[in-house]
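Content type PDB, C-alpha atoms and all ligand atoms, from the file coords-v1.pdb:
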```
ATOM      1  CA  MET A   1     246.090 108.715 -83.129  1.00  0.00           C
ATOM      2  CA  LYS A   2     249.356 109.411 -84.862  1.00  0.00           C
ATOM      3  CA  PHE A   3     250.825 109.517 -88.307  1.00  0.00           C
ATOM      4  CA  GLU A   4     254.032 108.030 -89.462  1.00  0.00           C
ATOM      5  CA  VAL A   5     256.204 108.171 -92.563  1.00  0.00           C
ATOM      6  CA  THR A   6     258.979 105.655 -93.014  1.00  0.00           C
ATOM      7  CA  LEU A   7     261.768 105.366 -95.530  1.00  0.00           C
ATOM      8  CA  PRO A   8     261.687 102.272 -97.717  1.00  0.00           C
ATOM      9  CA  ASP A   9     264.079  99.482 -96.681  1.00  0.00           C
ATOM     10  CA  TRP A  10     266.443 100.160 -99.593  1.00  0.00           C
ATOM     11  CA  ALA A  11     266.794 103.827 -98.512  1.00  0.00           C
ATOM     12  CA  ILE A  12     267.589 102.857 -94.930  1.00  0.00           C
ATOM     13  CA  ALA A  13     270.272 100.467 -96.214  1.00  0.00           C
ATOM     14  CA  GLU A  14     271.656 103.079 -98.627  1.00  0.00           C
ATOM     15  CA  ASN A  15     271.843 105.701 -95.860  1.00  0.00           C
ATOM     16  CA  GLN A  16     273.930 103.299 -93.797  1.00  0.00           C
ATOM     17  CA  LYS A  17     276.364 102.883 -96.701  1.00  0.00           C
ATOM     18  CA  LEU A  18     276.888 106.615 -97.348  1.00  0.00           C
ATOM     19  CA  PRO A  19     280.285 108.170 -96.719  1.00  0.00           C
ATOM     20  CA  ASP A  20     280.447 110.212 -93.518  1.00  0.00           C
ATOM     21  CA  HIS A  21     281.190 113.469 -95.298  1.00  0.00           C
ATOM     22  CA  PHE A  22     280.434 115.033 -98.674  1.00  0.00           C
ATOM     23  CA  THR A  23     282.900 117.807 -99.405  1.00  0.00           C
ATOM     24  CA  THR A  24     281.372 119.575-102.393  1.00  0.00           C
ATOM     25  CA  LEU A  25     277.818 120.622-103.244  1.00  0.00           C
ATOM     26  CA  GLU A  26     278.075 118.457-106.351  1.00  0.00           C
ATOM     27  CA  ASP A  27     278.911 115.411-104.204  1.00  0.00           C
ATOM     28  CA  ARG A  28     275.890 116.091-101.999  1.00  0.00           C
ATOM     29  CA  MET A  29     273.591 116.625-104.979  1.00  0.00           C
ATOM     30  CA  ALA A  30     274.836 113.482-106.750  1.00  0.00           C
ATOM     31  CA  ALA A  31     273.900 111.413-103.702  1.00  0.00           C
ATOM     32  CA  VAL A  32     270.441 113.020-103.551  1.00  0.00           C
ATOM     33  CA  ILE A  33     269.825 112.460-107.278  1.00  0.00           C
ATOM     34  CA  ARG A  34     270.814 108.820-106.836  1.00  0.00           C
ATOM     35  CA  PHE A  35     268.175 108.405-104.138  1.00  0.00           C
ATOM     36  CA  ALA A  36     265.563 109.972-106.425  1.00  0.00           C
ATOM     37  CA  GLU A  37     266.530 107.504-109.165  1.00  0.00           C
ATOM     38  CA  LEU A  38     266.316 104.589-106.753  1.00  0.00           C
ATOM     39  CA  ASN A  39     262.932 105.742-105.458  1.00  0.00           C
ATOM     40  CA  LEU A  40     261.666 105.676-109.016  1.00  0.00           C
ATOM     41  CA  ALA A  41     263.347 102.352-109.851  1.00  0.00           C
ATOM     42  CA  ASN A  42     262.002 100.684-106.685  1.00  0.00           C
ATOM     43  CA  ASP A  43     258.516 102.156-107.139  1.00  0.00           C
ATOM     44  CA  THR A  44     258.568 103.476-103.558  1.00  0.00           C
ATOM     45  CA  GLY A  45     257.424 107.054-104.233  1.00  0.00           C
ATOM     46  CA  GLY A  46     257.797 109.986-106.591  1.00  0.00           C
ATOM     47  CA  PRO A  47     261.085 110.914-108.294  1.00  0.00           C
ATOM     48  CA  PHE A  48     262.170 113.304-105.576  1.00  0.00           C
ATOM     49  CA  ALA A  49     264.809 113.112-102.854  1.00  0.00           C
ATOM     50  CA  ALA A  50     266.395 115.491-100.383  1.00  0.00           C
ATOM     51  CA  GLY A  51     269.295 115.438 -97.967  1.00  0.00           C
ATOM     52  CA  VAL A  52     270.186 117.334 -94.809  1.00  0.00           C
ATOM     53  CA  PHE A  53     273.915 117.982 -94.421  1.00  0.00           C
ATOM     54  CA  GLU A  54     276.098 120.005 -92.091  1.00  0.00           C
ATOM     55  CA  ILE A  55     277.143 122.973 -94.225  1.00  0.00           C
ATOM     56  CA  GLN A  56     280.752 123.214 -93.101  1.00  0.00           C
ATOM     57  CA  THR A  57     281.773 119.593 -92.655  1.00  0.00           C
ATOM     58  CA  GLY A  58     279.485 118.026 -95.274  1.00  0.00           C
ATOM     59  CA  LYS A  59     278.399 115.422 -92.746  1.00  0.00           C
ATOM     60  CA  CYS A  60     275.176 113.783 -93.929  1.00  0.00           C
ATOM     61  CA  VAL A  61     272.380 113.614 -91.368  1.00  0.00           C
ATOM     62  CA  ILE A  62     269.926 111.782 -93.624  1.00  0.00           C
ATOM     63  CA  ILE A  63     268.808 111.464 -97.227  1.00  0.00           C
ATOM     64  CA  GLY A  64     265.075 110.914 -97.630  1.00  0.00           C
ATOM     65  CA  VAL A  65     262.657 110.423-100.488  1.00  0.00           C
ATOM     66  CA  ASN A  66     259.132 111.272-101.543  1.00  0.00           C
ATOM     67  CA  ARG A  67     256.571 108.936 -99.931  1.00  0.00           C
ATOM     68  CA  VAL A  68     253.236 110.465-100.972  1.00  0.00           C
ATOM     69  CA  VAL A  69     251.621 107.468-102.669  1.00  0.00           C
ATOM     70  CA  PRO A  70     252.896 104.647-100.400  1.00  0.00           C
ATOM     71  CA  SER A  71     252.048 106.647 -97.254  1.00  0.00           C
ATOM     72  CA  SER A  72     248.649 107.955 -98.442  1.00  0.00           C
ATOM     73  CA  MET A  73     249.930 111.361 -97.390  1.00  0.00           C
ATOM     74  CA  SER A  74     249.936 114.428 -99.633  1.00  0.00           C
ATOM     75  CA  SER A  75     252.502 116.153 -97.414  1.00  0.00           C
ATOM     76  CA  ALA A  76     255.103 113.360 -97.665  1.00  0.00           C
ATOM     77  CA  HIS A  77     257.261 115.282-100.133  1.00  0.00           C
ATOM     78  CA  ALA A  78     260.989 114.554-100.013  1.00  0.00           C
ATOM     79  CA  GLU A  79     261.792 117.857 -98.284  1.00  0.00           C
ATOM     80  CA  ILE A  80     259.214 117.358 -95.521  1.00  0.00           C
ATOM     81  CA  VAL A  81     260.192 113.711 -94.985  1.00  0.00           C
ATOM     82  CA  THR A  82     263.895 114.545 -94.853  1.00  0.00           C
ATOM     83  CA  ILE A  83     263.671 117.657 -92.676  1.00  0.00           C
ATOM     84  CA  THR A  84     261.438 115.782 -90.246  1.00  0.00           C
ATOM     85  CA  LEU A  85     263.716 112.746 -90.106  1.00  0.00           C
ATOM     86  CA  ALA A  86     266.738 114.991 -89.512  1.00  0.00           C
ATOM     87  CA  GLN A  87     264.895 116.704 -86.659  1.00  0.00           C
ATOM     88  CA  GLN A  88     263.942 113.347 -85.162  1.00  0.00           C
ATOM     89  CA  ILE A  89     267.531 112.077 -85.473  1.00  0.00           C
ATOM     90  CA  LEU A  90     268.976 115.242 -83.901  1.00  0.00           C
ATOM     91  CA  LYS A  91     266.077 115.468 -81.404  1.00  0.00           C
ATOM     92  CA  THR A  92     265.243 119.088 -82.123  1.00  0.00           C
ATOM     93  CA  PHE A  93     262.508 120.915 -84.020  1.00  0.00           C
ATOM     94  CA  ASP A  94     265.060 123.571 -85.008  1.00  0.00           C
ATOM     95  CA  LEU A  95     267.988 122.565 -87.224  1.00  0.00           C
ATOM     96  CA  GLY A  96     269.386 126.071 -86.668  1.00  0.00           C
ATOM     97  CA  GLY A  97     269.285 125.919 -82.903  1.00  0.00           C
ATOM     98  CA  PRO A  98     272.007 127.304 -80.636  1.00  0.00           C
ATOM     99  CA  ASP A  99     275.179 125.245 -80.212  1.00  0.00           C
ATOM    100  CA  MET A 100     274.433 123.307 -83.387  1.00  0.00           C
ATOM    101  CA  PRO A 101     276.317 123.210 -86.667  1.00  0.00           C
ATOM    102  CA  GLU A 102     274.534 124.990 -89.513  1.00  0.00           C
ATOM    103  CA  HIS A 103     272.480 122.685 -91.709  1.00  0.00           C
ATOM    104  CA  GLN A 104     271.760 122.615 -95.418  1.00  0.00           C
ATOM    105  CA  LEU A 105     268.868 121.117 -97.372  1.00  0.00           C
ATOM    106  CA  VAL A 106     269.866 119.643-100.733  1.00  0.00           C
ATOM    107  CA  VAL A 107     266.976 118.771-103.056  1.00  0.00           C
ATOM    108  CA  ASN A 108     266.858 117.515-106.630  1.00  0.00           C
ATOM    109  CA  ALA A 109     264.083 119.895-107.753  1.00  0.00           C
ATOM    110  CA  ARG A 110     262.833 123.341-106.867  1.00  0.00           C
ATOM    111  CA  PRO A 111     260.638 123.163-103.757  1.00  0.00           C
ATOM    112  CA  CYS A 112     256.873 123.323-104.227  1.00  0.00           C
ATOM    113  CA  ALA A 113     254.725 125.891-102.436  1.00  0.00           C
ATOM    114  CA  MET A 114     254.340 123.665 -99.355  1.00  0.00           C
ATOM    115  CA  CYS A 115     258.018 122.753 -99.108  1.00  0.00           C
ATOM    116  CA  PHE A 116     259.091 126.354 -99.678  1.00  0.00           C
ATOM    117  CA  GLY A 117     256.980 127.232 -96.644  1.00  0.00           C
ATOM    118  CA  SER A 118     258.599 124.497 -94.577  1.00  0.00           C
ATOM    119  CA  ILE A 119     262.148 125.741 -95.150  1.00  0.00           C
ATOM    120  CA  PRO A 120     262.222 128.801 -92.827  1.00  0.00           C
ATOM    121  CA  TRP A 121     260.504 126.814 -90.052  1.00  0.00           C
ATOM    122  CA  SER A 122     263.039 123.989 -90.314  1.00  0.00           C
ATOM    123  CA  GLY A 123     266.033 126.048 -89.219  1.00  0.00           C
ATOM    124  CA  VAL A 124     268.219 125.153 -92.207  1.00  0.00           C
ATOM    125  CA  ARG A 125     270.589 127.933 -93.255  1.00  0.00           C
ATOM    126  CA  SER A 126     271.112 126.910 -96.866  1.00  0.00           C
ATOM    127  CA  VAL A 127     269.083 125.349 -99.678  1.00  0.00           C
ATOM    128  CA  VAL A 128     270.730 123.740-102.699  1.00  0.00           C
ATOM    129  CA  VAL A 129     268.516 122.930-105.703  1.00  0.00           C
ATOM    130  CA  GLY A 130     269.278 120.647-108.663  1.00  0.00           C
ATOM    131  CA  ALA A 131     266.692 121.316-111.366  1.00  0.00           C
ATOM    132  CA  SER A 132     265.339 124.771-110.722  1.00  0.00           C
ATOM    133  CA  GLY A 133     262.857 126.696-112.838  1.00  0.00           C
ATOM    134  CA  GLN A 134     259.685 125.278-114.286  1.00  0.00           C
ATOM    135  CA  GLN A 135     261.170 122.481-116.352  1.00  0.00           C
ATOM    136  CA  VAL A 136     260.291 119.834-113.787  1.00  0.00           C
ATOM    137  CA  GLU A 137     256.616 120.742-113.919  1.00  0.00           C
ATOM    138  CA  LYS A 138     256.722 120.773-117.720  1.00  0.00           C
ATOM    139  CA  ILE A 139     258.447 117.397-117.996  1.00  0.00           C
ATOM    140  CA  THR A 140     256.524 115.543-115.295  1.00  0.00           C
ATOM    141  CA  GLY A 141     253.161 117.297-115.045  1.00  0.00           C
ATOM    142  CA  PHE A 142     253.511 117.696-111.268  1.00  0.00           C
ATOM    143  CA  ASP A 143     251.870 120.829-109.899  1.00  0.00           C
ATOM    144  CA  GLU A 144     254.260 122.717-107.621  1.00  0.00           C
ATOM    145  CA  GLY A 145     251.629 125.237-106.567  1.00  0.00           C
ATOM    146  CA  PRO A 146     251.674 129.008-106.184  1.00  0.00           C
ATOM    147  CA  ILE A 147     255.250 129.438-105.018  1.00  0.00           C
ATOM    148  CA  HIS A 148     256.236 133.053-104.387  1.00  0.00           C
ATOM    149  CA  PRO A 149     257.788 134.478-107.599  1.00  0.00           C
ATOM    150  CA  GLN A 150     260.721 135.825-105.589  1.00  0.00           C
ATOM    151  CA  TRP A 151     261.007 132.733-103.387  1.00  0.00           C
ATOM    152  CA  GLN A 152     264.795 132.796-103.465  1.00  0.00           C
ATOM    153  CA  GLN A 153     264.875 136.396-102.202  1.00  0.00           C
ATOM    154  CA  GLU A 154     262.266 135.611 -99.540  1.00  0.00           C
ATOM    155  CA  LEU A 155     264.567 132.915 -98.165  1.00  0.00           C
ATOM    156  CA  ARG A 156     267.648 135.139 -98.424  1.00  0.00           C
ATOM    157  CA  ASN A 157     265.768 137.849 -96.504  1.00  0.00           C
ATOM    158  CA  ARG A 158     265.604 135.328 -93.667  1.00  0.00           C
ATOM    159  CA  GLY A 159     269.303 134.589 -93.820  1.00  0.00           C
ATOM    160  CA  ILE A 160     268.954 131.373 -95.803  1.00  0.00           C
ATOM    161  CA  GLU A 161     271.414 130.890 -98.658  1.00  0.00           C
ATOM    162  CA  VAL A 162     269.965 129.621-101.972  1.00  0.00           C
ATOM    163  CA  VAL A 163     272.121 127.849-104.562  1.00  0.00           C
ATOM    164  CA  GLU A 164     270.410 126.721-107.764  1.00  0.00           C
ATOM    165  CA  ASP A 165     271.156 124.462-110.716  1.00  0.00           C
ATOM    166  CA  VAL A 166     273.757 122.240-109.074  1.00  0.00           C
ATOM    167  CA  LEU A 167     274.052 119.204-111.404  1.00  0.00           C
ATOM    168  CA  HIS A 168     271.020 120.602-113.229  1.00  0.00           C
ATOM    169  CA  ASP A 169     271.197 118.281-116.256  1.00  0.00           C
ATOM    170  CA  GLU A 170     271.720 115.156-114.159  1.00  0.00           C
ATOM    171  CA  ALA A 171     268.758 116.154-111.997  1.00  0.00           C
ATOM    172  CA  LEU A 172     266.532 116.593-115.054  1.00  0.00           C
ATOM    173  CA  LYS A 173     267.373 113.105-116.353  1.00  0.00           C
ATOM    174  CA  VAL A 174     265.411 111.510-113.508  1.00  0.00           C
ATOM    175  CA  PHE A 175     262.327 113.502-114.428  1.00  0.00           C
ATOM    176  CA  HIS A 176     262.570 112.516-118.080  1.00  0.00           C
ATOM    177  CA  ARG A 177     262.838 108.897-116.952  1.00  0.00           C
ATOM    178  CA  PHE A 178     259.810 109.358-114.703  1.00  0.00           C
ATOM    179  CA  HIS A 179     257.840 110.782-117.626  1.00  0.00           C
ATOM    180  CA  ASP A 180     258.850 107.833-119.805  1.00  0.00           C
ATOM    181  CA  THR A 181     257.596 105.299-117.235  1.00  0.00           C
ATOM    182  CA  GLY A 182     254.058 106.670-117.398  1.00  0.00           C
ATOM    183  CA  GLN A 183     253.755 106.408-113.597  1.00  0.00           C
ATOM    184  CA  PRO A 184     250.867 108.241-111.937  1.00  0.00           C
ATOM    185  CA  ILE A 185     251.113 111.945-111.244  1.00  0.00           C
ATOM    186  CA  TYR A 186     249.622 112.324-107.815  1.00  0.00           C
ATOM    187  CA  ASN A 187     248.521 115.943-107.896  1.00  0.00           C
ATOM    188  CA  GLY A 188     245.605 116.573-105.618  1.00  0.00           C
ATOM    189  CA  ARG A 189     242.755 118.860-106.501  1.00  0.00           C
ATOM    190  CA  THR A 190     244.276 121.660-108.519  1.00  0.00           C
ATOM    191  CA  GLY A 191     241.065 123.637-109.083  1.00  0.00           C
ATOM    192  CA  GLY A 192     240.226 125.246-112.371  1.00  0.00           C
TER     193      GLY A 192
HETATM  194 ZN    ZN B 201     257.021 119.824-101.961  1.00  0.00          ZN
END
```

Spit out the file's structure as structure tokens when you get a sec.
Ligand SMILES: [Zn+2]
Amino acid sequence: MKFEVTLPDWAIAENQKLPDHFTTLEDRMAAVIRFAELNLANDTGGPFAAGVFEIQTGKCVIIGVNRVVPSSMSSAHAEIVTITLAQQILKTFDLGGPDMPEHQLVVNARPCAMCFGSIPWSGVRSVVVGASGQQVEKITGFDEGPIHPQWQQELRNRGIEVVEDVLHDEALKVFHRFHDTGQPIYNGRTGG
């Protein structure tokens, strides 16, 4: 028994075409937002993408996308897919391990409760968010769960930098487009 999540073919091809290094946070976020747009346009998952980069050099390890619906897997959020792929590529469960460059997770929307929980375990030392706040939930209807109200401080307490609202408006455009398509919102049981 095993489970497997794969990137769609277009995302594998796009990863191979990426520049080796992304100097600024805006450059990194723009690439992630583009993957979210392409995931929506290709109907290969939800409108979410994430990238793992080396903080100092801007070297891209991988950019991944949400694969919940195509994988029949509620945990296949962009952050989980991307962190896991980066760990598989670098052959370590800890992206903050000794003798490694520090790594950064760049994501187009604020992490949900599950993905927030995955961040400290991943070993990344920095999280960069595009559309923060609750606008994404309002626009799309996705339930991001009971994230800790001081989630940024909880990460900072563990030595993880948090940068919010990088290319905020560009990030939000993808969610408006998602809303306009009328595609399914794949929330599981939300109770109530
Ligand atoms: Zn999530």

Hey, what comes out of the PyMOL selection byres (((chain A and resi 176) around 12) and not hetatm) on this file? Could you write it as a compact mmCIF listing (two decimals) with C-alpha atoms, keeping the file's coordinate frame?
```
# COMPACT_ATOMS: atom_id res chain seq x y z
CA GLU A 37 266.53 107.50 -109.16
CA LEU A 40 261.67 105.68 -109.02
CA PRO A 47 261.08 110.91 -108.29
CA ALA A 131 266.69 121.32 -111.37
CA GLN A 135 261.17 122.48 -116.35
CA VAL A 136 260.29 119.83 -113.79
CA GLU A 137 256.62 120.74 -113.92
CA LYS A 138 256.72 120.77 -117.72
CA ILE A 139 258.45 117.40 -118.00
CA THR A 140 256.52 115.54 -115.30
CA GLY A 141 253.16 117.30 -115.04
CA ASP A 169 271.20 118.28 -116.26
CA GLU A 170 271.72 115.16 -114.16
CA ALA A 171 268.76 116.15 -112.00
CA LEU A 172 266.53 116.59 -115.05
CA LYS A 173 267.37 113.10 -116.35
CA VAL A 174 265.41 111.51 -113.51
CA PHE A 175 262.33 113.50 -114.43
CA ARG A 177 262.84 108.90 -116.95
CA PHE A 178 259.81 109.36 -114.70
CA HIS A 179 257.84 110.78 -117.63
CA ASP A 180 258.85 107.83 -119.80
CA THR A 181 257.60 105.30 -117.24
CA GLY A 182 254.06 106.67 -117.40
CA GLN A 183 253.76 106.41 -113.60
```

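You can rank A:Cys115, A:Ile62, A:Ala41, A:Leu90 by their closest distance to ligand ZN 201 (chain B) using all atoms listed in the file, and at the top of that list sits A:Cys115.
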
For a quick check of understanding, using only C-alpha atoms and all ligand atoms, which of A:Met114, A:Val5, A:Val52, A:Val129 has the smallest distance to ligand ZN 201 (chain B)? A:Met114

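The smallest atom-to-atom distance between Phe48 (chain A) and any of A:Met29, A:Ile147, A:Val163, A:Met100, using all atoms listed in the file, is found for A:Met29.
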
Please check which residues have atoms at most 10 Å from (282.4, 115.0, -94.4) in the file's coordinates, counting all atoms listed in the file, and write them as a PyMOL selection string. chain A and resi 19-24+53-60

Enumerate residues in contact with ligand ZN 201 (chain B): an atom-to-atom distance of at most 7 Å, counting all atoms listed in the file. Format the result as a PDB file with C-alpha atoms, in the coordinates of the input.
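Below you can see pocket34.pdb, which holds the result:
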```pdb
ATOM      1  CA  HIS A  77     257.261 115.282-100.133  1.00  0.00           C
ATOM      2  CA  ALA A  78     260.989 114.554-100.013  1.00  0.00           C
ATOM      3  CA  GLU A  79     261.792 117.857 -98.284  1.00  0.00           C
ATOM      4  CA  PRO A 111     260.638 123.163-103.757  1.00  0.00           C
ATOM      5  CA  CYS A 112     256.873 123.323-104.227  1.00  0.00           C
ATOM      6  CA  ALA A 113     254.725 125.891-102.436  1.00  0.00           C
ATOM      7  CA  MET A 114     254.340 123.665 -99.355  1.00  0.00           C
ATOM      8  CA  CYS A 115     258.018 122.753 -99.108  1.00  0.00           C
ATOM      9  CA  GLU A 144     254.260 122.717-107.621  1.00  0.00           C
TER      10      GLU A 144
END
```

Have a look at CA of Asn108 (chain A) and CA of Lys2 (chain A) and let me know their distance in Å, one decimal. 29.1 Å

Taking N, CA, C and O atoms as the atom set, what does region 57-68 of chain A look like once completed, written as a PDB file, in the frame of the given file?
```pdb
ATOM      1  N   THR A  57     281.040 120.864 -92.611  1.00  0.00           N
ATOM      2  CA  THR A  57     281.773 119.593 -92.655  1.00  0.00           C
ATOM      3  C   THR A  57     281.284 118.682 -93.775  1.00  0.00           C
ATOM      4  O   THR A  57     281.990 117.748 -94.157  1.00  0.00           O
ATOM      5  N   GLY A  58     280.058 118.921 -94.282  1.00  0.00           N
ATOM      6  CA  GLY A  58     279.485 118.026 -95.274  1.00  0.00           C
ATOM      7  C   GLY A  58     278.989 116.716 -94.687  1.00  0.00           C
ATOM      8  O   GLY A  58     278.645 115.783 -95.423  1.00  0.00           O
ATOM      9  N   LYS A  59     278.923 116.639 -93.375  1.00  0.00           N
ATOM     10  CA  LYS A  59     278.399 115.422 -92.746  1.00  0.00           C
ATOM     11  C   LYS A  59     276.925 115.256 -93.119  1.00  0.00           C
ATOM     12  O   LYS A  59     276.142 116.197 -93.035  1.00  0.00           O
ATOM     13  N   CYS A  60     276.561 114.045 -93.536  1.00  0.00           N
ATOM     14  CA  CYS A  60     275.176 113.783 -93.929  1.00  0.00           C
ATOM     15  C   CYS A  60     274.369 113.333 -92.719  1.00  0.00           C
ATOM     16  O   CYS A  60     274.738 112.358 -92.055  1.00  0.00           O
ATOM     17  N   VAL A  61     273.276 114.044 -92.446  1.00  0.00           N
ATOM     18  CA  VAL A  61     272.380 113.614 -91.368  1.00  0.00           C
ATOM     19  C   VAL A  61     271.460 112.517 -91.886  1.00  0.00           C
ATOM     20  O   VAL A  61     271.331 111.453 -91.280  1.00  0.00           O
ATOM     21  N   ILE A  62     270.847 112.774 -93.038  1.00  0.00           N
ATOM     22  CA  ILE A  62     269.926 111.782 -93.624  1.00  0.00           C
ATOM     23  C   ILE A  62     269.612 112.193 -95.058  1.00  0.00           C
ATOM     24  O   ILE A  62     269.591 113.389 -95.373  1.00  0.00           O
ATOM     25  N   ILE A  63     269.403 111.208 -95.906  1.00  0.00           N
ATOM     26  CA  ILE A  63     268.808 111.464 -97.227  1.00  0.00           C
ATOM     27  C   ILE A  63     267.466 110.739 -97.259  1.00  0.00           C
ATOM     28  O   ILE A  63     267.388 109.542 -96.957  1.00  0.00           O
ATOM     29  N   GLY A  64     266.422 111.480 -97.590  1.00  0.00           N
ATOM     30  CA  GLY A  64     265.075 110.914 -97.630  1.00  0.00           C
ATOM     31  C   GLY A  64     264.460 111.071 -99.006  1.00  0.00           C
ATOM     32  O   GLY A  64     265.026 111.729 -99.886  1.00  0.00           O
ATOM     33  N   VAL A  65     263.315 110.442 -99.181  1.00  0.00           N
ATOM     34  CA  VAL A  65     262.657 110.423-100.488  1.00  0.00           C
ATOM     35  C   VAL A  65     261.168 110.723-100.357  1.00  0.00           C
ATOM     36  O   VAL A  65     260.599 110.637 -99.265  1.00  0.00           O
ATOM     37  N   ASN A  66     260.580 111.037-101.471  1.00  0.00           N
ATOM     38  CA  ASN A  66     259.132 111.272-101.543  1.00  0.00           C
ATOM     39  C   ASN A  66     258.380 109.985-101.197  1.00  0.00           C
ATOM     40  O   ASN A  66     258.715 108.908-101.685  1.00  0.00           O
ATOM     41  N   ARG A  67     257.341 110.119-100.357  1.00  0.00           N
ATOM     42  CA  ARG A  67     256.571 108.936 -99.931  1.00  0.00           C
ATOM     43  C   ARG A  67     255.064 109.177-100.021  1.00  0.00           C
ATOM     44  O   ARG A  67     254.289 108.546 -99.277  1.00  0.00           O
ATOM     45  N   VAL A  68     254.650 110.070-100.907  1.00  0.00           N
ATOM     46  CA  VAL A  68     253.236 110.465-100.972  1.00  0.00           C
ATOM     47  C   VAL A  68     252.322 109.265-101.219  1.00  0.00           C
ATOM     48  O   VAL A  68     251.403 108.991-100.443  1.00  0.00           O
TER      49      VAL A  68
END
```
